[in-house]
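Data file: entry_16.cif. Format and content: mmCIF, C-alpha atoms.
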data_start
#
loop_
_atom_site.label_atom_id
_atom_site.label_comp_id
_atom_site.auth_asym_id
_atom_site.auth_seq_id
_atom_site.Cartn_x
_atom_site.Cartn_y
_atom_site.Cartn_z
CA MET V 1 30.75 -21.60 6.79
CA ARG V 2 26.97 -21.89 6.90
CA CYS V 3 24.97 -20.19 9.63
CA ASP V 4 21.33 -19.39 10.30
CA ASN V 5 21.67 -15.66 10.80
CA LEU V 6 24.28 -13.08 9.91
CA TRP V 7 24.30 -9.46 11.04
CA ARG V 8 26.61 -7.21 9.00
CA ASN V 9 27.53 -3.53 8.98
CA ALA V 10 27.32 -3.22 12.75
CA ARG V 11 29.34 -1.46 15.40
CA VAL V 12 29.64 -4.12 18.08
CA ALA V 13 30.31 -3.74 21.79
CA THR V 14 31.30 -7.31 22.58
CA MET V 15 32.10 -6.80 26.30
CA VAL V 16 35.06 -9.14 25.76
CA GLY V 17 38.23 -8.15 27.60
CA ALA V 18 38.52 -4.73 29.20
CA GLY V 19 36.13 -1.89 28.40
CA LEU V 20 33.40 -2.41 25.84
CA GLY V 21 35.38 -4.58 23.43
CA ILE V 22 34.38 -2.45 20.45
CA VAL V 23 34.58 -3.84 16.91
CA GLU V 24 33.98 -1.37 14.10
CA ASP V 25 32.49 -2.78 10.88
CA GLY V 26 31.46 -5.80 12.92
CA VAL V 27 29.79 -9.04 11.93
CA LEU V 28 27.85 -11.50 14.07
CA ALA V 29 26.97 -14.99 12.94
CA ALA V 30 24.73 -17.49 14.75
CA ARG V 31 23.68 -21.08 14.28
CA ASP V 32 20.96 -22.81 16.30
CA GLY V 33 20.70 -19.77 18.57
CA VAL V 34 24.40 -19.75 19.45
CA ILE V 35 27.03 -17.24 18.32
CA VAL V 36 29.61 -18.83 16.04
CA PHE V 37 31.44 -15.62 15.15
CA ALA V 38 31.67 -12.09 16.52
CA GLY V 39 34.33 -9.89 15.03
CA SER V 40 35.50 -7.77 12.14
CA ALA V 41 34.04 -8.07 8.64
CA CYS V 42 37.50 -8.68 7.23
CA ASP V 43 37.57 -12.00 9.13
CA ALA V 44 34.05 -13.09 8.13
CA ALA V 45 34.27 -13.47 4.37
CA ASP V 46 33.60 -17.20 4.46
CA PHE V 47 30.20 -16.98 6.17
CA ALA V 48 26.99 -17.65 4.25
CA ALA V 49 23.64 -17.35 5.99
CA GLU V 50 20.04 -18.33 5.42
CA ARG V 51 19.10 -14.87 6.70
CA GLU V 52 21.35 -11.84 6.46
CA VAL V 53 20.66 -8.50 8.14
CA ASP V 54 22.28 -5.17 7.32
CA CYS V 55 22.45 -3.29 10.61
CA GLY V 56 23.00 0.02 8.85
CA GLY V 57 25.87 0.98 11.12
CA ARG V 58 23.78 0.55 14.26
CA TRP V 59 25.35 -0.41 17.58
CA VAL V 60 24.92 -3.97 18.84
CA THR V 61 25.43 -4.97 22.47
CA PRO V 62 24.70 -8.21 24.30
CA GLY V 63 21.09 -8.49 25.39
CA LEU V 64 20.80 -6.64 28.70
CA ILE V 65 20.52 -8.52 31.99
CA ASP V 66 18.60 -7.35 35.06
CA CYS V 67 20.31 -9.42 37.75
CA HIS V 68 18.31 -8.30 40.81
CA THR V 69 14.52 -7.96 40.75
CA HIS V 70 11.50 -8.76 42.87
CA LEU V 71 9.02 -8.86 39.96
CA ILE V 72 6.59 -11.27 41.63
CA TYR V 73 4.44 -9.70 44.34
CA GLY V 74 0.86 -8.80 45.19
CA GLY V 75 -0.56 -5.32 45.74
CA ASP V 76 1.44 -2.10 45.86
CA ARG V 77 2.85 0.27 48.47
CA ALA V 78 1.97 3.70 47.13
CA ALA V 79 0.54 4.62 50.55
CA GLU V 80 3.93 3.96 52.12
CA PHE V 81 5.50 6.23 49.54
CA GLU V 82 3.28 8.99 50.90
CA GLN V 83 4.56 8.17 54.41
CA LEU V 84 8.15 8.42 53.21
CA LEU V 85 7.39 11.81 51.68
CA ALA V 86 5.93 12.90 55.02
CA GLY V 87 9.20 12.07 56.77
CA ALA V 88 8.91 8.45 57.92
CA THR V 89 11.94 6.20 57.40
CA TYR V 90 11.91 2.82 55.71
CA GLU V 91 12.78 1.21 59.06
CA GLU V 92 9.94 3.01 60.88
CA ILE V 93 7.43 1.86 58.28
CA ALA V 94 8.68 -1.71 58.47
CA ARG V 95 8.53 -1.82 62.27
CA ALA V 96 4.95 -0.50 62.17
CA GLY V 97 3.79 -3.48 60.08
CA GLY V 98 4.40 -1.99 56.66
CA GLY V 99 7.20 -2.75 54.28
CA ILE V 100 7.84 -6.33 53.27
CA VAL V 101 5.18 -7.73 55.61
CA SER V 102 2.41 -5.67 54.00
CA THR V 103 3.39 -7.03 50.59
CA MET V 104 3.51 -10.52 52.12
CA LEU V 105 -0.19 -10.32 53.01
CA ALA V 106 -1.14 -9.29 49.47
CA THR V 107 1.09 -11.94 47.94
CA ARG V 108 -0.34 -14.69 50.11
CA ALA V 109 -3.84 -13.65 49.06
CA ALA V 110 -3.05 -13.71 45.33
CA SER V 111 -3.28 -16.80 43.13
CA GLU V 112 -0.35 -17.94 41.05
CA ALA V 113 -2.15 -16.77 37.92
CA GLU V 114 -2.77 -13.36 39.47
CA LEU V 115 0.91 -13.03 40.39
CA VAL V 116 1.92 -13.83 36.81
CA LYS V 117 -0.62 -11.40 35.38
CA SER V 118 0.50 -8.52 37.60
CA ALA V 119 4.19 -9.16 36.87
CA LEU V 120 3.91 -9.29 33.08
CA PRO V 121 3.62 -5.50 32.54
CA ARG V 122 6.72 -4.99 34.65
CA LEU V 123 8.57 -7.64 32.69
CA ASP V 124 7.35 -6.20 29.38
CA ALA V 125 8.83 -2.83 30.28
CA LEU V 126 12.23 -4.45 30.81
CA ILE V 127 11.99 -6.47 27.61
CA ALA V 128 11.14 -3.31 25.68
CA GLU V 129 14.53 -1.89 26.72
CA GLY V 130 16.53 -4.85 25.45
CA VAL V 131 16.52 -7.12 28.49
CA THR V 132 16.91 -10.77 27.49
CA THR V 133 17.56 -12.29 30.94
CA VAL V 134 16.04 -11.35 34.28
CA GLU V 135 16.52 -12.66 37.80
CA VAL V 136 13.36 -12.90 39.92
CA LYS V 137 13.40 -13.38 43.69
CA SER V 138 10.72 -14.73 45.97
CA GLY V 139 10.59 -13.32 49.48
CA TYR V 140 7.07 -11.93 49.70
CA GLY V 141 5.42 -15.21 50.70
CA LEU V 142 7.45 -16.17 53.79
CA SER V 143 5.67 -19.51 53.99
CA THR V 144 6.45 -22.72 52.14
CA ASP V 145 3.28 -22.62 50.04
CA THR V 146 3.55 -18.96 49.05
CA GLU V 147 7.28 -18.97 48.43
CA SER V 148 6.80 -22.00 46.17
CA LYS V 149 3.85 -20.30 44.47
CA SER V 150 5.93 -17.19 43.86
CA LEU V 151 8.82 -19.14 42.36
CA ARG V 152 6.45 -21.10 40.11
CA ALA V 153 4.97 -17.79 38.97
CA ALA V 154 8.45 -16.49 38.22
CA ARG V 155 9.24 -19.58 36.16
CA ALA V 156 5.93 -19.17 34.34
CA LEU V 157 7.02 -15.75 33.07
CA ALA V 158 9.45 -17.51 30.73
CA ASP V 159 6.53 -19.47 29.28
CA ARG V 160 4.63 -16.27 28.56
CA ARG V 161 7.49 -14.21 27.16
CA ASP V 162 10.68 -14.98 25.22
CA VAL V 163 13.05 -14.13 28.04
CA GLY V 164 15.50 -16.02 30.22
CA VAL V 165 14.39 -16.17 33.86
CA THR V 166 16.53 -17.23 36.80
CA THR V 167 14.84 -17.68 40.16
CA THR V 168 16.19 -16.96 43.63
CA PHE V 169 14.68 -18.19 46.91
CA LEU V 170 14.56 -15.31 49.42
CA GLY V 171 12.69 -16.83 52.33
CA ALA V 172 14.99 -14.94 54.73
CA HIS V 173 13.65 -11.58 53.57
CA ALA V 174 11.65 -10.59 56.64
CA LEU V 175 10.19 -12.17 59.76
CA PRO V 176 6.53 -13.08 59.15
CA PRO V 177 4.02 -12.17 61.88
CA GLU V 178 3.41 -15.77 62.91
CA TRP V 179 7.09 -16.02 63.90
CA ALA V 180 7.24 -12.64 65.66
CA GLY V 181 9.96 -12.53 68.30
CA ASP V 182 11.48 -15.84 67.27
CA ALA V 183 13.71 -15.24 64.26
CA ASP V 184 15.98 -18.17 65.12
CA SER V 185 13.09 -20.62 64.90
CA TYR V 186 11.99 -19.12 61.60
CA ILE V 187 15.51 -19.61 60.22
CA THR V 188 15.34 -23.23 61.39
CA PHE V 189 12.05 -23.57 59.52
CA ILE V 190 13.64 -22.13 56.37
CA CYS V 191 16.62 -24.47 56.58
CA ASP V 192 14.76 -27.65 57.55
CA GLU V 193 11.46 -27.29 55.69
CA MET V 194 11.10 -24.42 53.21
CA LEU V 195 14.41 -24.70 51.41
CA PRO V 196 14.35 -28.52 51.12
CA ALA V 197 10.82 -28.41 49.70
CA ILE V 198 11.75 -25.75 47.16
CA ALA V 199 14.97 -27.54 46.21
CA ALA V 200 13.07 -30.81 45.76
CA GLU V 201 10.78 -29.13 43.22
CA GLY V 202 13.74 -27.52 41.45
CA LEU V 203 12.17 -24.08 41.81
CA ALA V 204 15.28 -22.06 42.73
CA ASP V 205 18.56 -21.38 40.95
CA ALA V 206 20.07 -19.61 43.98
CA VAL V 207 19.38 -18.64 47.60
CA ASP V 208 19.42 -15.08 48.97
CA ALA V 209 18.89 -13.44 52.37
CA PHE V 210 18.50 -9.94 53.85
CA CYS V 211 21.31 -9.30 56.33
CA GLU V 212 20.23 -6.18 58.20
CA GLY V 213 18.99 -4.93 61.56
CA ILE V 214 15.40 -5.14 60.29
CA GLY V 215 16.21 -8.42 58.56
CA PHE V 216 18.46 -11.21 59.82
CA SER V 217 21.74 -11.37 61.67
CA PRO V 218 25.01 -12.61 60.16
CA GLU V 219 24.74 -15.75 62.28
CA GLN V 220 21.24 -16.48 60.99
CA VAL V 221 22.29 -15.78 57.41
CA THR V 222 25.23 -18.15 57.80
CA ARG V 223 22.80 -20.92 58.69
CA VAL V 224 20.85 -20.22 55.50
CA PHE V 225 24.09 -20.34 53.50
CA ALA V 226 24.92 -23.73 54.99
CA ALA V 227 21.48 -25.09 54.08
CA ALA V 228 21.80 -23.76 50.53
CA THR V 229 25.19 -25.43 50.18
CA ARG V 230 23.73 -28.75 51.35
CA HIS V 231 21.24 -28.52 48.49
CA GLY V 232 23.83 -27.52 45.92
CA LEU V 233 22.47 -24.00 45.44
CA PRO V 234 24.69 -20.92 45.03
CA ILE V 235 24.17 -17.97 47.33
CA LYS V 236 23.63 -14.22 47.09
CA LEU V 237 23.05 -11.60 49.78
CA HIS V 238 21.33 -8.29 50.42
CA ALA V 239 24.13 -6.69 52.42
CA GLU V 240 25.19 -3.39 53.95
CA GLN V 241 22.18 -1.43 52.72
CA LEU V 242 21.25 0.37 55.94
CA SER V 243 24.17 -0.50 58.24
CA ASN V 244 27.39 -2.49 58.26
CA LEU V 245 26.85 -5.97 59.67
CA HIS V 246 29.76 -7.36 57.62
CA GLY V 247 27.35 -9.46 55.62
CA ALA V 248 29.24 -8.99 52.37
CA GLN V 249 32.42 -10.29 53.96
CA ILE V 250 30.62 -13.38 55.24
CA ALA V 251 28.94 -13.91 51.86
CA ALA V 252 32.25 -13.66 50.03
CA GLN V 253 33.86 -16.10 52.44
CA HIS V 254 31.09 -18.54 51.48
CA GLY V 255 31.71 -18.02 47.76
CA ALA V 256 28.63 -15.90 47.05
CA LEU V 257 27.84 -15.01 43.47
CA SER V 258 27.03 -11.45 44.50
CA ALA V 259 26.49 -9.09 47.40
CA ASP V 260 23.91 -6.42 46.64
CA HIS V 261 23.26 -2.81 47.76
CA LEU V 262 26.54 -2.26 49.69
CA GLU V 263 26.19 1.39 50.68
CA TRP V 264 27.84 0.66 54.06
CA LEU V 265 30.45 -1.77 52.76
CA ASP V 266 33.85 -1.48 54.46
CA ASP V 267 37.41 -2.27 53.38
CA ALA V 268 37.34 -5.77 54.88
CA GLY V 269 34.24 -6.57 52.87
CA ILE V 270 35.80 -5.23 49.69
CA GLU V 271 38.96 -7.26 50.28
CA ALA V 272 36.91 -10.43 50.81
CA MET V 273 34.83 -9.83 47.68
CA ALA V 274 37.94 -9.21 45.59
CA ALA V 275 39.47 -12.46 46.81
CA SER V 276 36.35 -14.53 46.11
CA GLY V 277 35.29 -12.93 42.83
CA THR V 278 31.94 -11.99 44.37
CA VAL V 279 30.17 -9.38 42.24
CA ALA V 280 29.10 -6.07 43.77
CA THR V 281 25.56 -5.44 42.52
CA LEU V 282 24.61 -1.77 42.86
CA LEU V 283 20.95 -0.81 43.12
CA PRO V 284 20.65 2.93 42.54
CA GLY V 285 16.86 2.84 42.32
CA ALA V 286 16.56 1.91 45.99
CA TYR V 287 19.18 4.48 46.96
CA TYR V 288 17.24 7.19 45.10
CA PHE V 289 13.74 6.14 46.15
CA THR V 290 14.51 5.93 49.86
CA ARG V 291 16.53 9.16 49.71
CA GLU V 292 19.64 7.57 51.15
CA THR V 293 22.79 9.67 51.42
CA LYS V 294 25.46 7.03 52.11
CA LEU V 295 27.14 6.20 48.79
CA PRO V 296 28.53 2.74 48.05
CA PRO V 297 32.35 2.78 47.95
CA VAL V 298 32.63 2.62 44.17
CA GLU V 299 36.18 3.96 43.97
CA ALA V 300 37.42 1.37 46.45
CA LEU V 301 35.56 -1.42 44.63
CA ARG V 302 37.08 -0.23 41.36
CA ALA V 303 40.58 -0.09 42.82
CA ALA V 304 40.25 -3.61 44.25
CA GLY V 305 39.06 -5.02 40.93
CA VAL V 306 35.68 -6.15 42.24
CA PRO V 307 33.27 -6.70 39.31
CA ILE V 308 30.36 -4.22 39.48
CA ALA V 309 26.87 -5.06 38.27
CA VAL V 310 23.85 -2.75 38.04
CA ALA V 311 20.21 -3.77 38.42
CA THR V 312 16.76 -2.22 38.85
CA ASP V 313 15.88 -3.93 42.16
CA CYS V 314 12.31 -3.69 40.86
CA ASN V 315 10.15 -4.08 43.96
CA PRO V 316 7.01 -2.48 45.40
CA GLY V 317 8.52 -0.75 48.41
CA THR V 318 11.94 0.72 47.71
CA SER V 319 12.53 0.63 43.96
CA PRO V 320 9.34 0.46 41.87
CA MET V 321 11.44 0.86 38.72
CA THR V 322 11.12 -1.12 35.51
CA SER V 323 13.78 0.63 33.42
CA ILE V 324 17.24 -0.88 33.11
CA LEU V 325 18.32 2.17 31.10
CA LEU V 326 17.32 4.46 33.97
CA ALA V 327 19.19 2.19 36.39
CA MET V 328 22.34 2.73 34.31
CA ASN V 329 21.84 6.49 34.30
CA MET V 330 21.29 6.55 38.06
CA ALA V 331 24.35 4.38 38.65
CA SER V 332 26.41 6.92 36.75
CA THR V 333 24.85 10.13 38.07
CA CYS V 334 24.43 9.01 41.70
CA PHE V 335 27.35 6.60 42.10
CA ARG V 336 29.71 8.00 39.42
CA LEU V 337 30.11 4.84 37.39
CA THR V 338 31.70 5.39 34.00
CA VAL V 339 29.82 4.59 30.80
CA ASP V 340 31.87 1.42 30.36
CA GLU V 341 31.17 0.33 33.94
CA ALA V 342 27.44 0.95 33.61
CA LEU V 343 27.21 -1.03 30.37
CA ARG V 344 29.34 -3.89 31.65
CA GLY V 345 27.18 -3.78 34.77
CA VAL V 346 24.08 -4.84 32.82
CA THR V 347 25.87 -7.32 30.56
CA ILE V 348 28.94 -9.36 31.44
CA ASN V 349 29.09 -8.46 35.14
CA ALA V 350 25.35 -9.01 35.54
CA ALA V 351 25.87 -12.44 34.00
CA ARG V 352 28.62 -13.10 36.55
CA ALA V 353 26.25 -12.10 39.35
CA LEU V 354 23.94 -14.89 38.18
CA GLY V 355 26.66 -17.46 37.59
CA LEU V 356 25.89 -17.40 33.86
CA SER V 357 28.92 -15.66 32.37
CA ASP V 358 29.81 -18.80 30.42
CA ARG V 359 26.48 -18.56 28.55
CA ILE V 360 25.43 -14.92 28.27
CA GLY V 361 26.64 -11.36 28.87
CA SER V 362 29.17 -10.95 26.04
CA LEU V 363 29.26 -11.46 22.29
CA GLU V 364 31.65 -14.28 21.54
CA ALA V 365 31.55 -17.72 19.97
CA GLY V 366 29.80 -20.34 22.06
CA LYS V 367 27.46 -18.00 23.90
CA ALA V 368 23.73 -17.51 23.37
CA CYS V 369 22.88 -15.16 20.53
CA ASP V 370 21.16 -12.57 22.73
CA LEU V 371 21.50 -9.14 21.15
CA ALA V 372 20.21 -5.61 21.58
CA ILE V 373 20.46 -3.44 18.45
CA TRP V 374 20.34 0.31 19.08
CA ASP V 375 19.61 3.47 17.13
CA ILE V 376 22.44 5.46 18.71
CA GLU V 377 25.62 7.19 17.61
CA ARG V 378 27.72 6.10 20.59
CA PRO V 379 27.27 3.75 23.56
CA ALA V 380 27.26 6.66 26.01
CA GLU V 381 23.72 7.49 24.82
CA LEU V 382 22.41 4.39 26.57
CA VAL V 383 23.61 5.80 29.89
CA TYR V 384 23.19 9.52 29.19
CA ARG V 385 19.56 9.75 28.10
CA ILE V 386 16.65 9.81 30.55
CA GLY V 387 13.20 8.59 29.55
CA PHE V 388 14.25 7.72 26.00
CA ASN V 389 14.43 4.21 24.58
CA PRO V 390 16.55 3.85 21.41
CA LEU V 391 16.12 0.08 21.06
CA HIS V 392 15.84 -0.89 17.39
CA GLN V 393 15.56 -4.65 17.81
CA ARG V 394 15.95 -7.30 20.45
CA ILE V 395 17.25 -10.77 19.55
CA ARG V 396 17.11 -13.75 21.88
CA ASN V 397 18.62 -17.12 21.00
CA GLY V 398 19.06 -15.86 17.47
CA ARG V 399 15.39 -14.99 17.02
#
Translate this structure into structure tokens?
Amino acid sequence: MRCDNLWRNARVATMVGAGLGIVEDGVLAARDGVIVFAGSACDAADFAAEREVDCGGRWVTPGLIDCHTHLIYGGDRAAEFEQLLAGATYEEIARAGGGIVSTMLATRAASEAELVKSALPRLDALIAEGVTTVEVKSGYGLSTDTESKSLRAARALADRRDVGVTTTFLGAHALPPEWAGDADSYITFICDEMLPAIAAEGLADAVDAFCEGIGFSPEQVTRVFAAATRHGLPIKLHAEQLSNLHGAQIAAQHGALSADHLEWLDDAGIEAMAASGTVATLLPGAYYFTRETKLPPVEALRAAGVPIAVATDCNPGTSPMTSILLAMNMASTCFRLTVDEALRGVTINAARALGLSDRIGSLEAGKACDLAIWDIERPAELVYRIGFNPLHQRIRNGR
């Protein structure tokens, strides 16, 4: 069989089935950017390629996926970091006009081109560690014009770099000052004006919200879910980060792709997520950066069979992290994920969290040929090392 590209002499972690789906003496073949074979060399004798690569025994995984980021924003919040170090809490800073609202002001003031320019170094850091797909949320504009501008900037990243970008509308991220004291009316504005305008332009692939005491109530979030459904958009949710408002349970009951953070998740939420197939996206960078002590219930999620994803949560206030490898290490050291769970968390389960598991996240025929080739002796090195990047080569769509 003819193909464009053939990678031989590889140890392949396919992520197919349970565990890592390891194939020793593996071969990968691609045609027109799509995998046509991923398996053992003994089953690949009939392949002939225009370009053949000897991997030299290196490990090959799917291209990594960062399924929860806030890459597009203006300014920074280093001053708030100093406040945190001095003893202030994230909630105290937010209620004093800092937090998301301070980033909102900087984002509103920035042009679309400036937002793209400031995000590219953050994106480049992820790409350099083998990331081939990244999710980017809005949520720092909190007005129709700025949310649309942010989503256009996110889409523009894919024009500037060879990377897959999915966009998520997060208008229900915080209450902007002009709506102070009237969160219900702001939610009405999101549902009746912001979301329809964004959907009409085709700027969002999903809709998210922040269900929290300093965010929005379950009732308000449910209204956003209903509006998203009317526009044919899947939903996600920031849930149970600082308290338990049962947001994850509500999200799962509405068929959410993922519920994210989840430190305060309870058994009812876990049961609902298991029943719906909603992915639990863990964000250890935020847990670490804000010095939280409440651990997400990983053992209970594991026992219930809830898929677990891992992401950087790259954002200016609570997780200014642009290393997916560090996110895996933190997920294992802080949350006690196994090596297999951490690696599946940034591949196949991250793809599930984006609704893209039929296209990316594992190495099997019919999926995009997105690969990360590593100079390592065993997959555990990708989780074990800190501040070390063993990426040998990154392949996206067979290139």
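Minimum distance to Thr103 (chain V) across V:Asn315, V:Ser40, V:Ser217, V:Ser357 (counting all atoms listed in the file) occurs at V:Asn315.
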For the structure provided, state which residues fall under the PyMOL selection byres ((chain V and resi 65-82) around 6), and present them as a PyMOL selection string.
-> chain V and resi 64+83-85+106-107+119+131+133-137+311+313-317+346-347+350
Once the PyMOL selection byres ((chain V and resi 169) around 9) has been applied to the shown file, what residues remain in the selection, as JSON, numbers by chain?
-> {"V": [136, 137, 138, 139, 147, 148, 151, 167, 168, 170, 171, 172, 195, 198, 203, 204, 205, 206, 207, 208, 209]}
Can you pull out the residues contacting Ser258 (chain V)? Cut-off 10 Å, using all atoms listed in the file, and skip same-chain residues under 5 positions away; I want them as an mmCIF file with C-alpha atoms, keeping the file's coordinate frame.
data_model
loop_
_atom_site.group_PDB
_atom_site.id
_atom_site.type_symbol
_atom_site.label_atom_id
_atom_site.label_comp_id
_atom_site.auth_asym_id
_atom_site.auth_seq_id
_atom_site.Cartn_x
_atom_site.Cartn_y
_atom_site.Cartn_z
ATOM 1 C CA CYS V 67 20.310 -9.420 37.750
ATOM 2 C CA HIS V 68 18.310 -8.300 40.810
ATOM 3 C CA ASP V 208 19.420 -15.080 48.970
ATOM 4 C CA PRO V 234 24.690 -20.920 45.030
ATOM 5 C CA ILE V 235 24.170 -17.970 47.330
ATOM 6 C CA LYS V 236 23.630 -14.220 47.090
ATOM 7 C CA LEU V 237 23.050 -11.600 49.780
ATOM 8 C CA HIS V 238 21.330 -8.290 50.420
ATOM 9 C CA ALA V 239 24.130 -6.690 52.420
ATOM 10 C CA ALA V 248 29.240 -8.990 52.370
ATOM 11 C CA ALA V 251 28.940 -13.910 51.860
ATOM 12 C CA ALA V 252 32.250 -13.660 50.030
ATOM 13 C CA MET V 273 34.830 -9.830 47.680
ATOM 14 C CA SER V 276 36.350 -14.530 46.110
ATOM 15 C CA GLY V 277 35.290 -12.930 42.830
ATOM 16 C CA THR V 278 31.940 -11.990 44.370
ATOM 17 C CA VAL V 279 30.170 -9.380 42.240
ATOM 18 C CA ALA V 280 29.100 -6.070 43.770
ATOM 19 C CA THR V 281 25.560 -5.440 42.520
ATOM 20 C CA PRO V 307 33.270 -6.700 39.310
ATOM 21 C CA ILE V 308 30.360 -4.220 39.480
ATOM 22 C CA ALA V 309 26.870 -5.060 38.270
ATOM 23 C CA ALA V 350 25.350 -9.010 35.540
ATOM 24 C CA ARG V 352 28.620 -13.100 36.550
ATOM 25 C CA ALA V 353 26.250 -12.100 39.350
ATOM 26 C CA LEU V 354 23.940 -14.890 38.180
ATOM 27 C CA GLY V 355 26.660 -17.460 37.590
#
Selected residue, from V:Phe189, V:Trp7, V:Trp264, V:Trp374, that lies nearest to Ala44 (chain V) when counting only C-alpha atoms |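 Among the listed residues, the smallest separation from Ala44 (chain V) belongs to V:Trp7.
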Calculate how many Å separate CA of Glu299 (chain V) from CA of Ala259 (chain V), rounding to one decimal.
->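 It comes out at 16.6 Å.
Candidate residues V:Val27, V:Ile348, V:Ile386, V:Ala331 were compared for distance to Ala286 (chain V), and the nearest is V:Ala331, using all atoms listed in the file.
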Minimum-distance residue to Arg302 (chain V), chosen among V:Glu263, V:Glu341, V:Glu212, V:Asp192 (using all atoms listed in the file) |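 Looking at the shortest contact to Arg302 (chain V), the residue is V:Glu341.
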Could you write out as a ChimeraX atom specification the residues that the PyMOL selection byres ((chain V and resi 156) around 12) matches in the shown file?
-> /V:72,112-117,119-120,123,136,149-155,157-167,203
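When only C-alpha atoms are used to compute distances to Ala174 (chain V), the closest of the residues V:Met104, V:Ile93, V:Ala18, V:Val298 turns out to be V:Met104.
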Could you work out how far CA of Ser111 (chain V) lies from CA of Asp184 (chain V), giving the answer in Å with one decimal?
-> 29.3 Å
Grab the CA of Pro296 (chain V) to CA of Leu265 (chain V) distance for me, in Å with one decimal place.
->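 So the answer is 6.8 Å.
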Considering only C-alpha atoms, state which residue in the set V:Ala125, V:Gly398, V:Ala351, V:Leu343 is at the smallest distance from Ser323 (chain V).
->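 The shortest atom-to-atom distance to Ser323 (chain V) comes from V:Ala125.
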Hey, what's within 12 Å of Gly387 (chain V) if we count all atoms listed in the file and toss same-chain stuff fewer than 4 positions away? As a ChimeraX atom specification, please?
-> /V:129,322-330,381-383
Quick one: write out the picked residues with C-alpha atoms as a PDB file, in the frame of the given file?
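Saved file part-v2.pdb follows:
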ATOM      1  CA  GLU V 129      14.530  -1.890  26.720  1.00  0.00           C
ATOM      2  CA  THR V 322      11.120  -1.120  35.510  1.00  0.00           C
ATOM      3  CA  SER V 323      13.780   0.630  33.420  1.00  0.00           C
ATOM      4  CA  ILE V 324      17.240  -0.880  33.110  1.00  0.00           C
ATOM      5  CA  LEU V 325      18.320   2.170  31.100  1.00  0.00           C
ATOM      6  CA  LEU V 326      17.320   4.460  33.970  1.00  0.00           C
ATOM      7  CA  ALA V 327      19.190   2.190  36.390  1.00  0.00           C
ATOM      8  CA  MET V 328      22.340   2.730  34.310  1.00  0.00           C
ATOM      9  CA  ASN V 329      21.840   6.490  34.300  1.00  0.00           C
ATOM     10  CA  MET V 330      21.290   6.550  38.060  1.00  0.00           C
ATOM     11  CA  GLU V 381      23.720   7.490  24.820  1.00  0.00           C
ATOM     12  CA  LEU V 382      22.410   4.390  26.570  1.00  0.00           C
ATOM     13  CA  VAL V 383      23.610   5.800  29.890  1.00  0.00           C
TER      14      VAL V 383
END
Find the residues around Gly247 (chain V) up to 8 Å (only C-alpha atoms counted), leave out those fewer than 2 positions away in its own chain, and share them as a PyMOL selection string.
-> chain V and resi 211+218+237+239-240+244-245+249-251+269
Can you save region 202-213 of chain V of the given block to a file, including N, CA and C atoms and formatted as a PDB file, in the first residue's frame?
ATOM      1  N   GLY V 202     -20.008  32.204  14.022  1.00  0.00           N
ATOM      2  CA  GLY V 202     -19.297  30.926  14.058  1.00  0.00           C
ATOM      3  C   GLY V 202     -17.979  31.001  14.794  1.00  0.00           C
ATOM      4  N   LEU V 203     -17.927  31.802  15.864  1.00  0.00           N
ATOM      5  CA  LEU V 203     -16.663  32.033  16.562  1.00  0.00           C
ATOM      6  C   LEU V 203     -16.385  31.030  17.677  1.00  0.00           C
ATOM      7  N   ALA V 204     -17.384  30.289  18.113  1.00  0.00           N
ATOM      8  CA  ALA V 204     -17.210  29.397  19.268  1.00  0.00           C
ATOM      9  C   ALA V 204     -17.521  27.958  18.897  1.00  0.00           C
ATOM     10  N   ASP V 205     -16.716  27.052  19.443  1.00  0.00           N
ATOM     11  CA  ASP V 205     -16.957  25.612  19.301  1.00  0.00           C
ATOM     12  C   ASP V 205     -17.678  25.039  20.509  1.00  0.00           C
ATOM     13  N   ALA V 206     -17.717  25.789  21.613  1.00  0.00           N
ATOM     14  CA  ALA V 206     -18.376  25.341  22.839  1.00  0.00           C
ATOM     15  C   ALA V 206     -18.663  26.559  23.704  1.00  0.00           C
ATOM     16  N   VAL V 207     -19.441  26.339  24.770  1.00  0.00           N
ATOM     17  CA  VAL V 207     -19.807  27.400  25.713  1.00  0.00           C
ATOM     18  C   VAL V 207     -19.463  26.924  27.121  1.00  0.00           C
ATOM     19  N   ASP V 208     -18.850  27.802  27.904  1.00  0.00           N
ATOM     20  CA  ASP V 208     -18.404  27.495  29.261  1.00  0.00           C
ATOM     21  C   ASP V 208     -18.984  28.536  30.210  1.00  0.00           C
ATOM     22  N   ALA V 209     -18.893  28.269  31.497  1.00  0.00           N
ATOM     23  CA  ALA V 209     -19.317  29.217  32.528  1.00  0.00           C
ATOM     24  C   ALA V 209     -18.538  28.923  33.806  1.00  0.00           C
ATOM     25  N   PHE V 210     -18.537  29.887  34.727  1.00  0.00           N
ATOM     26  CA  PHE V 210     -17.854  29.757  36.014  1.00  0.00           C
ATOM     27  C   PHE V 210     -18.910  29.672  37.099  1.00  0.00           C
ATOM     28  N   CYS V 211     -19.164  28.474  37.585  1.00  0.00           N
ATOM     29  CA  CYS V 211     -20.178  28.241  38.612  1.00  0.00           C
ATOM     30  C   CYS V 211     -19.503  28.287  39.979  1.00  0.00           C
ATOM     31  N   GLU V 212     -19.650  29.413  40.657  1.00  0.00           N
ATOM     32  CA  GLU V 212     -18.934  29.606  41.921  1.00  0.00           C
ATOM     33  C   GLU V 212     -19.545  30.788  42.647  1.00  0.00           C
ATOM     34  N   GLY V 213     -19.273  30.888  43.949  1.00  0.00           N
ATOM     35  CA  GLY V 213     -19.780  32.001  44.731  1.00  0.00           C
ATOM     36  C   GLY V 213     -19.346  33.345  44.194  1.00  0.00           C
TER      37      GLY V 213
END
